[in-house]
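File shown: upload.cif (mmCIF, C-alpha atoms).
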data_structure
loop_
_atom_site.label_atom_id
_atom_site.label_comp_id
_atom_site.auth_asym_id
_atom_site.auth_seq_id
_atom_site.Cartn_x
_atom_site.Cartn_y
_atom_site.Cartn_z
CA MET A 15 26.48 3.93 107.58
CA LEU A 16 28.98 2.35 105.20
CA ILE A 17 32.65 2.74 106.20
CA VAL A 18 35.34 1.69 103.78
CA ASN A 19 39.12 1.64 103.98
CA GLU A 20 40.60 4.42 101.81
CA ARG A 21 42.81 2.05 99.81
CA ASN A 22 39.92 -0.30 99.05
CA PHE A 23 37.68 2.63 98.21
CA LEU A 24 40.19 4.00 95.69
CA ASP A 25 40.67 0.54 94.18
CA ILE A 26 36.93 0.37 93.58
CA LEU A 27 36.85 3.90 92.27
CA ASN A 28 39.67 3.33 89.77
CA ARG A 29 37.96 0.34 88.18
CA PRO A 30 36.58 1.09 84.71
CA HIS A 31 32.97 2.31 84.92
CA THR A 32 31.42 1.85 81.51
CA MET A 33 27.67 2.07 81.42
CA PRO A 34 26.00 -1.33 81.24
CA THR A 35 24.62 -2.83 78.08
CA SER A 36 23.54 -6.02 79.86
CA ASN A 37 21.83 -4.73 83.02
CA SER A 38 25.00 -5.23 85.07
CA TYR A 39 23.67 -2.87 87.77
CA LYS A 40 20.31 -4.58 88.14
CA PRO A 41 19.63 -6.75 91.20
CA LYS A 42 19.51 -10.48 90.42
CA VAL A 43 15.89 -10.48 91.58
CA THR A 44 13.86 -7.30 91.26
CA PRO A 45 12.51 -6.60 94.78
CA SER A 46 8.81 -6.02 95.23
CA ILE A 47 6.11 -5.52 97.85
CA SER A 48 3.35 -8.13 97.74
CA ARG A 49 -0.38 -7.55 97.83
CA LYS A 50 -0.46 -9.46 101.14
CA GLU A 51 1.94 -6.99 102.68
CA PHE A 52 -0.20 -4.00 101.74
CA ALA A 53 -3.19 -5.80 103.29
CA ARG A 54 -1.14 -6.46 106.43
CA ARG A 55 -0.29 -2.76 106.70
CA ARG A 56 -3.95 -1.80 106.48
CA ARG A 57 -4.86 -4.44 109.06
CA HIS A 58 -2.22 -3.22 111.50
CA LEU A 59 -3.44 0.36 111.14
CA MET A 60 -7.06 -0.61 111.76
CA GLN A 61 -6.04 -2.59 114.85
CA GLN A 62 -4.73 0.63 116.38
CA MET A 63 -7.78 2.73 115.55
CA GLU A 64 -10.46 3.45 118.16
CA VAL A 65 -13.82 1.72 118.18
CA ASP A 66 -16.45 3.22 115.80
CA SER A 67 -13.85 5.08 113.78
CA ILE A 68 -13.09 5.67 110.11
CA ALA A 69 -9.85 6.59 108.33
CA ILE A 70 -9.74 8.64 105.12
CA VAL A 71 -6.56 8.75 103.02
CA PRO A 72 -6.58 10.69 99.72
CA SER A 73 -4.10 10.11 96.92
CA ALA A 74 -1.85 12.78 95.46
CA SER A 75 -3.12 14.94 92.60
CA THR A 76 -1.60 15.62 89.21
CA LEU A 77 0.21 18.95 88.88
CA ILE A 78 0.28 21.14 85.77
CA ARG A 79 3.78 21.88 84.47
CA ASN A 80 2.77 24.28 81.70
CA ARG A 81 -0.37 24.68 79.62
CA ASP A 82 -1.79 21.16 79.25
CA ALA A 83 1.44 19.33 80.16
CA GLU A 84 1.64 17.71 83.59
CA PHE A 85 4.55 16.81 85.83
CA LYS A 86 5.18 13.09 86.05
CA PHE A 87 2.79 11.79 88.70
CA ARG A 88 4.23 10.83 92.07
CA GLN A 89 1.86 9.11 94.51
CA ASP A 90 1.42 10.33 98.08
CA SER A 91 3.69 8.24 100.31
CA ASP A 92 1.05 7.40 102.93
CA PHE A 93 -1.52 6.40 100.32
CA HIS A 94 1.05 4.27 98.50
CA TYR A 95 2.14 2.62 101.76
CA LEU A 96 -1.39 1.40 102.39
CA THR A 97 -2.48 0.52 98.84
CA GLY A 98 0.39 0.28 96.32
CA PHE A 99 -2.08 2.00 93.96
CA ASN A 100 -0.37 4.52 91.69
CA GLU A 101 -3.19 6.59 90.21
CA PRO A 102 -4.39 10.11 91.07
CA GLU A 103 -7.96 11.03 92.03
CA ALA A 104 -8.36 8.20 94.50
CA VAL A 105 -9.42 7.95 98.16
CA LEU A 106 -8.85 5.05 100.56
CA VAL A 107 -11.43 4.54 103.33
CA LEU A 108 -10.80 2.13 106.21
CA ILE A 109 -13.69 1.19 108.50
CA PRO A 110 -12.70 -1.39 111.15
CA GLY A 111 -15.46 -3.87 111.91
CA ARG A 112 -17.70 -2.98 108.95
CA ALA A 113 -19.64 -6.10 108.03
CA HIS A 114 -19.75 -5.35 104.29
CA GLY A 115 -16.03 -4.71 103.93
CA GLU A 116 -13.45 -2.75 105.88
CA CYS A 117 -11.31 -1.50 102.97
CA LEU A 118 -13.02 0.71 100.38
CA LEU A 119 -11.39 2.61 97.54
CA PHE A 120 -12.74 5.37 95.33
CA CYS A 121 -10.96 5.72 91.99
CA ARG A 122 -11.38 6.87 88.40
CA GLU A 123 -13.60 4.80 86.13
CA ARG A 124 -12.28 3.17 82.99
CA ASP A 125 -12.41 5.64 80.10
CA PRO A 126 -11.04 4.43 76.73
CA GLU A 127 -10.79 7.97 75.35
CA ARG A 128 -8.83 9.35 78.32
CA GLU A 129 -6.73 6.19 78.54
CA LEU A 130 -5.64 6.84 74.95
CA TRP A 131 -4.13 10.13 76.21
CA ASP A 132 -3.09 9.41 79.79
CA GLY A 133 -2.55 5.65 80.00
CA TYR A 134 -4.33 2.63 81.40
CA ARG A 135 -6.67 2.92 84.40
CA GLN A 136 -7.58 0.13 86.80
CA GLY A 137 -11.16 1.22 87.40
CA PRO A 138 -13.19 -0.01 90.40
CA GLU A 139 -13.17 -3.62 89.18
CA GLY A 140 -9.39 -3.62 88.75
CA VAL A 141 -8.85 -2.13 92.20
CA VAL A 142 -10.81 -4.95 93.83
CA LYS A 143 -9.15 -7.64 91.71
CA ASN A 144 -5.54 -6.39 91.79
CA PHE A 145 -5.18 -4.33 94.97
CA GLY A 146 -7.22 -6.19 97.54
CA ALA A 147 -9.99 -3.66 98.22
CA ASP A 148 -13.18 -5.15 99.66
CA ASP A 149 -15.21 -2.80 97.50
CA ALA A 150 -14.55 0.09 95.11
CA PHE A 151 -16.59 2.95 93.71
CA PRO A 152 -16.16 5.64 91.05
CA ILE A 153 -14.58 8.78 92.47
CA SER A 154 -17.42 10.76 90.92
CA ASP A 155 -19.82 9.12 93.41
CA ILE A 156 -17.84 9.99 96.55
CA ASP A 157 -20.08 12.93 97.57
CA ASP A 158 -23.08 10.62 97.57
CA ILE A 159 -21.46 7.66 99.36
CA LEU A 160 -18.93 8.96 101.88
CA PRO A 161 -21.32 11.01 104.08
CA GLY A 162 -23.24 7.78 104.70
CA LEU A 163 -20.01 6.01 105.69
CA LEU A 164 -19.16 8.84 108.09
CA GLU A 165 -22.58 8.68 109.75
CA SER A 166 -22.62 6.89 113.12
CA ARG A 167 -18.82 6.93 113.29
CA GLU A 168 -17.59 8.65 116.44
CA ARG A 169 -14.06 9.44 115.25
CA VAL A 170 -12.40 10.33 111.94
CA TYR A 171 -8.71 9.62 111.37
CA TYR A 172 -7.47 12.11 108.80
CA ALA A 173 -4.31 14.17 108.10
CA MET A 174 -5.93 17.60 108.31
CA GLY A 175 -3.95 20.37 106.58
CA LYS A 176 -2.05 18.16 104.15
CA TRP A 177 -4.47 18.60 101.24
CA PRO A 178 -6.40 21.89 101.76
CA ASP A 179 -8.89 21.31 98.92
CA PHE A 180 -9.73 17.85 100.22
CA ASP A 181 -9.95 19.24 103.78
CA ARG A 182 -12.85 21.41 102.65
CA GLN A 183 -14.53 18.44 100.99
CA VAL A 184 -14.28 16.39 104.19
CA MET A 185 -15.78 19.23 106.22
CA ASP A 186 -18.59 19.61 103.68
CA TRP A 187 -19.51 15.94 104.24
CA VAL A 188 -19.50 16.42 108.01
CA ASN A 189 -21.58 19.59 107.72
CA VAL A 190 -24.15 17.73 105.63
CA LEU A 191 -24.59 15.31 108.53
CA ARG A 192 -24.71 18.13 111.10
CA ALA A 193 -27.42 19.87 109.10
CA ASN A 194 -29.50 16.71 109.26
CA ALA A 195 -28.88 16.05 112.96
CA ARG A 196 -32.52 16.84 113.85
CA ALA A 197 -33.63 14.26 111.31
CA GLY A 198 -31.56 11.63 113.11
CA ALA A 199 -28.17 11.92 111.39
CA HIS A 200 -25.22 11.31 113.68
CA PRO A 201 -22.06 13.19 112.58
CA PRO A 202 -18.58 12.30 113.89
CA GLY A 203 -17.68 14.05 117.10
CA GLU A 204 -13.88 13.91 116.94
CA PHE A 205 -11.08 14.24 114.39
CA LEU A 206 -7.81 12.44 115.13
CA ASP A 207 -4.46 12.87 113.41
CA LEU A 208 -3.88 9.86 111.15
CA ASP A 209 -0.17 10.67 110.77
CA HIS A 210 0.50 9.82 114.41
CA LEU A 211 -0.47 6.16 113.91
CA LEU A 212 0.55 5.71 110.30
CA HIS A 213 4.02 7.21 110.51
CA ASP A 214 4.79 5.13 113.58
CA LEU A 215 3.93 2.00 111.56
CA ARG A 216 6.19 3.13 108.73
CA LEU A 217 9.20 3.24 111.06
CA TYR A 218 9.29 -0.55 111.27
CA LYS A 219 10.49 -2.20 108.09
CA SER A 220 9.54 -5.68 106.92
CA ALA A 221 11.97 -8.09 105.24
CA ALA A 222 10.53 -7.14 101.85
CA GLU A 223 11.01 -3.43 102.54
CA LEU A 224 14.60 -4.02 103.63
CA ARG A 225 15.28 -5.86 100.37
CA VAL A 226 13.94 -2.93 98.39
CA MET A 227 15.95 -0.43 100.42
CA ARG A 228 19.15 -2.44 100.05
CA ALA A 229 18.64 -2.66 96.29
CA ALA A 230 18.03 1.10 96.08
CA ALA A 231 21.14 1.75 98.18
CA CYS A 232 23.28 -0.49 95.94
CA ILE A 233 22.07 1.29 92.81
CA SER A 234 22.78 4.68 94.40
CA ALA A 235 26.25 3.61 95.57
CA GLU A 236 27.21 2.30 92.13
CA ALA A 237 25.98 5.54 90.57
CA HIS A 238 28.11 7.57 93.01
CA MET A 239 31.19 5.49 92.17
CA ARG A 240 30.58 6.01 88.47
CA ALA A 241 30.04 9.75 88.84
CA MET A 242 33.23 10.24 90.83
CA ALA A 243 35.21 8.29 88.25
CA LYS A 244 33.69 10.33 85.39
CA CYS A 245 34.06 13.75 87.02
CA ARG A 246 36.63 16.08 85.40
CA PRO A 247 37.45 19.78 85.79
CA GLY A 248 35.49 21.74 83.19
CA MET A 249 32.37 19.58 83.41
CA MET A 250 29.08 21.22 84.25
CA GLU A 251 27.23 20.08 87.35
CA TYR A 252 24.26 18.98 85.24
CA GLU A 253 26.58 16.74 83.19
CA LEU A 254 27.54 14.93 86.38
CA GLU A 255 23.88 14.73 87.37
CA ALA A 256 23.17 13.11 83.98
CA GLU A 257 25.62 10.32 84.87
CA TYR A 258 23.46 9.57 87.91
CA LEU A 259 20.15 9.64 86.09
CA TYR A 260 21.40 7.27 83.42
CA ALA A 261 22.88 4.91 86.01
CA PHE A 262 19.62 4.88 87.98
CA GLY A 263 17.53 4.05 84.92
CA ALA A 264 19.97 1.43 83.64
CA ALA A 265 19.73 -0.33 87.01
CA GLY A 266 15.94 -0.40 87.09
CA ALA A 267 15.19 2.73 89.15
CA GLN A 268 12.87 4.77 86.96
CA HIS A 269 13.41 8.06 88.74
CA PRO A 270 15.50 9.68 91.48
CA ALA A 271 14.13 9.83 95.02
CA TYR A 272 14.29 13.64 95.01
CA SER A 273 15.84 16.51 93.05
CA SER A 274 19.53 15.64 92.81
CA ILE A 275 22.11 17.84 94.52
CA VAL A 276 25.41 18.23 92.64
CA GLY A 277 27.20 21.21 94.17
CA ALA A 278 30.76 22.17 93.22
CA GLY A 279 32.79 24.62 95.31
CA VAL A 280 30.67 27.09 97.28
CA ASN A 281 27.49 25.51 95.88
CA GLY A 282 28.15 22.52 98.14
CA CYS A 283 27.41 24.75 101.15
CA ILE A 284 23.80 25.35 100.06
CA LEU A 285 21.53 22.97 101.95
CA HIS A 286 19.12 22.18 99.10
CA TYR A 287 21.07 23.22 96.03
CA VAL A 288 19.32 21.87 92.92
CA GLU A 289 20.21 24.31 90.11
CA ASN A 290 23.23 22.17 89.13
CA ASP A 291 24.25 24.67 86.46
CA SER A 292 27.81 25.70 87.42
CA MET A 293 31.14 24.52 86.08
CA ILE A 294 33.26 22.13 88.17
CA ARG A 295 36.65 23.80 88.46
CA ASP A 296 40.07 22.36 89.18
CA GLY A 297 40.41 21.71 92.92
CA ASP A 298 36.69 22.12 93.76
CA LEU A 299 35.10 20.08 96.52
CA VAL A 300 31.98 18.49 95.00
CA LEU A 301 28.95 17.56 97.10
CA LEU A 302 26.91 14.72 95.62
CA MET A 303 23.50 13.81 97.00
CA PRO A 304 21.39 11.97 94.43
CA ALA A 305 19.57 8.75 95.34
CA ALA A 306 17.67 6.13 93.37
CA SER A 307 14.06 5.32 94.22
CA LEU A 308 12.54 1.83 94.03
CA ILE A 309 8.84 1.32 94.84
CA ALA A 310 8.76 4.76 96.54
CA MET A 311 11.63 3.78 98.84
CA HIS A 312 15.25 4.89 99.02
CA GLN A 313 18.26 5.44 101.20
CA THR A 314 20.00 8.81 101.21
CA LEU A 315 23.68 8.71 100.21
CA ARG A 316 25.90 11.76 100.66
CA VAL A 317 29.43 12.03 99.28
CA LEU A 318 31.89 14.94 99.35
CA PHE A 319 35.09 14.65 97.33
CA ARG A 320 37.75 16.81 95.69
CA ARG A 321 38.43 16.74 91.97
CA THR A 322 41.69 18.05 90.56
CA ALA A 323 43.33 17.72 87.16
CA SER A 324 46.41 16.15 88.72
CA SER A 325 44.35 13.47 90.45
CA ALA A 326 41.84 12.74 87.72
CA ARG A 327 41.95 9.05 88.64
CA ARG A 328 41.86 9.54 92.40
CA SER A 329 38.79 11.10 94.00
CA ARG A 330 39.21 11.41 97.76
CA PRO A 331 35.85 11.29 99.52
CA CYS A 332 35.79 13.31 102.70
CA MET A 333 34.13 12.41 105.99
CA ARG A 334 30.42 13.09 106.41
CA TRP A 335 28.86 16.14 104.84
CA PHE A 336 29.63 19.84 104.34
CA TRP A 337 29.55 20.36 108.12
CA THR A 338 33.20 19.30 107.96
CA LEU A 339 34.25 21.99 105.48
CA ASN A 340 35.62 24.30 108.16
CA SER A 341 37.05 21.58 110.37
CA LYS A 342 40.64 20.37 110.50
CA PRO A 343 41.92 18.14 107.66
CA LEU A 344 40.34 14.72 107.62
CA LYS A 345 42.27 11.53 108.15
CA GLN A 346 41.73 7.86 107.38
CA PRO A 347 39.49 5.98 107.27
CA CYS A 348 37.41 7.88 104.71
CA ARG A 349 33.66 7.46 105.00
CA VAL A 350 30.72 7.30 102.72
CA THR A 351 27.64 7.90 104.86
CA ILE A 352 24.19 6.55 104.18
CA GLY A 353 21.56 8.70 105.86
CA THR A 354 18.30 7.79 107.54
CA SER A 355 16.41 5.03 105.73
CA ARG A 356 12.88 5.93 104.80
CA THR A 357 9.94 5.39 102.55
CA MET A 358 9.30 8.51 100.57
#

Show me the file's structure as structure tokens.
Amino acid sequence: MLIVNERNFLDILNRPHTMPTSNSYKPKVTPSISRKEFARRRRHLMQQMEVDSIAIVPSASTLIRNRDAEFKFRQDSDFHYLTGFNEPEAVLVLIPGRAHGECLLFCRERDPERELWDGYRQGPEGVVKNFGADDAFPISDIDDILPGLLESRERVYYAMGKWPDFDRQVMDWVNVLRANARAGAHPPGEFLDLDHLLHDLRLYKSAAELRVMRAAACISAEAHMRAMAKCRPGMMEYELEAEYLYAFGAAGAQHPAYSSIVGAGVNGCILHYVENDSMIRDGDLVLLMPAASLIAMHQTLRVLFRRTASSARRSRPCMRWFWTLNSKPLKQPCRVTIGTSRTM
């Protein structure tokens, strides 16, 4: 939580906020997560897994927006946490104690024709070279290879229910082994929830993660300051949202962490208001809840302030969130609250 004195806050707010032409919002050093850290995360997860177990983590899938146009791809947070690999149609397999490699990754093969349309692909060779996998295979071969990896493993760590289509594929592999039990196949006997172990690991942040989160928080805070300084009665909510999106991109955050909430007046009382299509009227309280995302990480920043024509240069942020709307008038010090830190 960031608490600022009201006078200092207004001094900051009243400074000119012209959009940068020289990357003035960008951190001096762009934070990153190293390949060694992703390997450490996988190692820590495998250390907590039971003996004779296997973990299966699928990537996110692309989603169709309309006709043949897709939404911009956003990787599954758990898969990204363990790999840093940002392509769809991939599956991570972790097998503690396997002599021929504990970290395996299935991914799309290189395809010059498709890469001309959709962009560069790493391919199995690139995954081994650049992302630290012990071995990698084409995703098209997963039905032939993964049942053999499941065989003789007593337990499967998997987030059942998260990806229904992939759930059925996993069960098909297990059923293949069960059907061959009389021939000597040994199917897994137990499924364990992977989220229980993995999400506990994600609660503890490394120094590198903290640097990324601080950078994301600074970008978000600067964008909030700019938006409050730019806000005027008569603006549309989506115009104010545009100030955020530009500020995020100018600072090196390619996209927001989630759909931005810009709610003026009664719209600020809607928990997940994302239409952002109403006019900001004189005297409205405006709820702002956009956040920048860096390397799939962010910190949530919530600000509630009043905008009036007579105080166009003085936006008074109120304390906490819309829960205070029906409470008694707020007094100093004013607060800007930063919510729970998390990897998305």

Margin query: Rounded to one decimal, what separation in Å do you get between CA of Lys86 (chain A) and CA of Ala241 (chain A)?
Written below: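 Value for the CA of Lys86 (chain A)-CA of Ala241 (chain A) distance: 25.2 Å.
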
Next item on the list: Pick out the residues sitting within 12 Å of Leu108 (chain A), and hand them over as a ChimeraX atom specification; count all atoms listed in the file, and ignore anything fewer than 4 positions along from it in its own chain.
Entry: /A:53,55-63,66-72,93,96-97,112,114-120,147-150,160,163-164,167,170-172,208

Can you write out the residues you just picked, keeping C-alpha atoms, as a CSV table (one decimal), keeping the file's coordinate frame?
chain,number,residue,atom,x,y,z
A,53,ALA,CA,-3.2,-5.8,103.3
A,55,ARG,CA,-0.3,-2.8,106.7
A,56,ARG,CA,-4.0,-1.8,106.5
A,57,ARG,CA,-4.9,-4.4,109.1
A,58,HIS,CA,-2.2,-3.2,111.5
A,59,LEU,CA,-3.4,0.4,111.1
A,60,MET,CA,-7.1,-0.6,111.8
A,61,GLN,CA,-6.0,-2.6,114.8
A,62,GLN,CA,-4.7,0.6,116.4
A,63,MET,CA,-7.8,2.7,115.6
A,66,ASP,CA,-16.4,3.2,115.8
A,67,SER,CA,-13.8,5.1,113.8
A,68,ILE,CA,-13.1,5.7,110.1
A,69,ALA,CA,-9.8,6.6,108.3
A,70,ILE,CA,-9.7,8.6,105.1
A,71,VAL,CA,-6.6,8.8,103.0
A,72,PRO,CA,-6.6,10.7,99.7
A,93,PHE,CA,-1.5,6.4,100.3
A,96,LEU,CA,-1.4,1.4,102.4
A,97,THR,CA,-2.5,0.5,98.8
A,112,ARG,CA,-17.7,-3.0,109.0
A,114,HIS,CA,-19.8,-5.4,104.3
A,115,GLY,CA,-16.0,-4.7,103.9
A,116,GLU,CA,-13.4,-2.8,105.9
A,117,CYS,CA,-11.3,-1.5,103.0
A,118,LEU,CA,-13.0,0.7,100.4
A,119,LEU,CA,-11.4,2.6,97.5
A,120,PHE,CA,-12.7,5.4,95.3
A,147,ALA,CA,-10.0,-3.7,98.2
A,148,ASP,CA,-13.2,-5.2,99.7
A,149,ASP,CA,-15.2,-2.8,97.5
A,150,ALA,CA,-14.6,0.1,95.1
A,160,LEU,CA,-18.9,9.0,101.9
A,163,LEU,CA,-20.0,6.0,105.7
A,164,LEU,CA,-19.2,8.8,108.1
A,167,ARG,CA,-18.8,6.9,113.3
A,170,VAL,CA,-12.4,10.3,111.9
A,171,TYR,CA,-8.7,9.6,111.4
A,172,TYR,CA,-7.5,12.1,108.8
A,208,LEU,CA,-3.9,9.9,111.2

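Shortest atom-to-atom contact with Leu191 (chain A) among A:Glu251, A:Val276, A:Pro178, A:Glu165: A:Glu165, counting only C-alpha atoms.
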
Next item on the list: Translate the PyMOL selection byres ((chain A and resi 207) around 8), as applied to the file shown, into an explicit residue set as a PyMOL selection string.
Entry: chain A and resi 171-174+205-206+208-211

Let's have the selection written as a compact mmCIF listing (two decimals), keeping the file's coordinate frame, with C-alpha atoms.
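And here is the file that came out, part02.txt:
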# COMPACT_ATOMS: atom_id res chain seq x y z
CA TYR A 171 -8.71 9.62 111.37
CA TYR A 172 -7.47 12.11 108.80
CA ALA A 173 -4.31 14.17 108.10
CA MET A 174 -5.93 17.60 108.31
CA PHE A 205 -11.08 14.24 114.39
CA LEU A 206 -7.81 12.44 115.13
CA LEU A 208 -3.88 9.86 111.15
CA ASP A 209 -0.17 10.67 110.77
CA HIS A 210 0.50 9.82 114.41
CA LEU A 211 -0.47 6.16 113.91

Margin query: Need the shell around His238 (chain A): protein/DNA/RNA residues with any atom at most 10 Å away, counting all atoms listed in the file. Skip same-chain ones fewer than 3 positions apart. Format as a ChimeraX atom specification?
Written below: /A:27,232-235,241-244,254,257-258,261,302-305,315-317

Next item on the list: Between A:Met311, A:Ala74, A:Ala113, A:Ile156, single out the one closest to Glu223 (chain A), counting all atoms listed in the file.
Entry: A:Met311

Note to self: Taking 6 positions as the minimum chain separation for residues in the same chain, which residues sit within 9 Å of region 287-296 of chain A when counting all atoms listed in the file? Answer as a list in words.
What the structure shows: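 In the requested form, the answer reads Cys245, Arg246, Pro247, Gly248, Met249, Met250, Glu251, Tyr252, Glu253, Leu254, Glu255, Ser273, Ser274, Ile275, Val276, Gly277, Ala278, Gly279, Asn281, Arg320, Arg321, Thr322, Ala323 and Ser324 of chain A.
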
Check: Could you state the separation of CA of Asp92 (chain A) and CA of Val107 (chain A) in Å, given to one decimal place?
Finding: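 Straight-line distance from CA of Asp92 (chain A) to CA of Val107 (chain A) works out to 12.8 Å.
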
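Minimum distance to Arg124 (chain A) across A:Gln89, A:Gln136, A:Gln268, A:Ser166 (counting all atoms listed in the file) occurs at A:Gln136.
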
Checklist line | Residue nearest Glu64 (chain A) among A:Asp157, A:Val190, A:Glu204, A:His312 (counting all atoms listed in the file) | finding: A:Glu204

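What separates CA of Ala199 (chain A) from CA of Val184 (chain A) is a distance of 16.3 Å.
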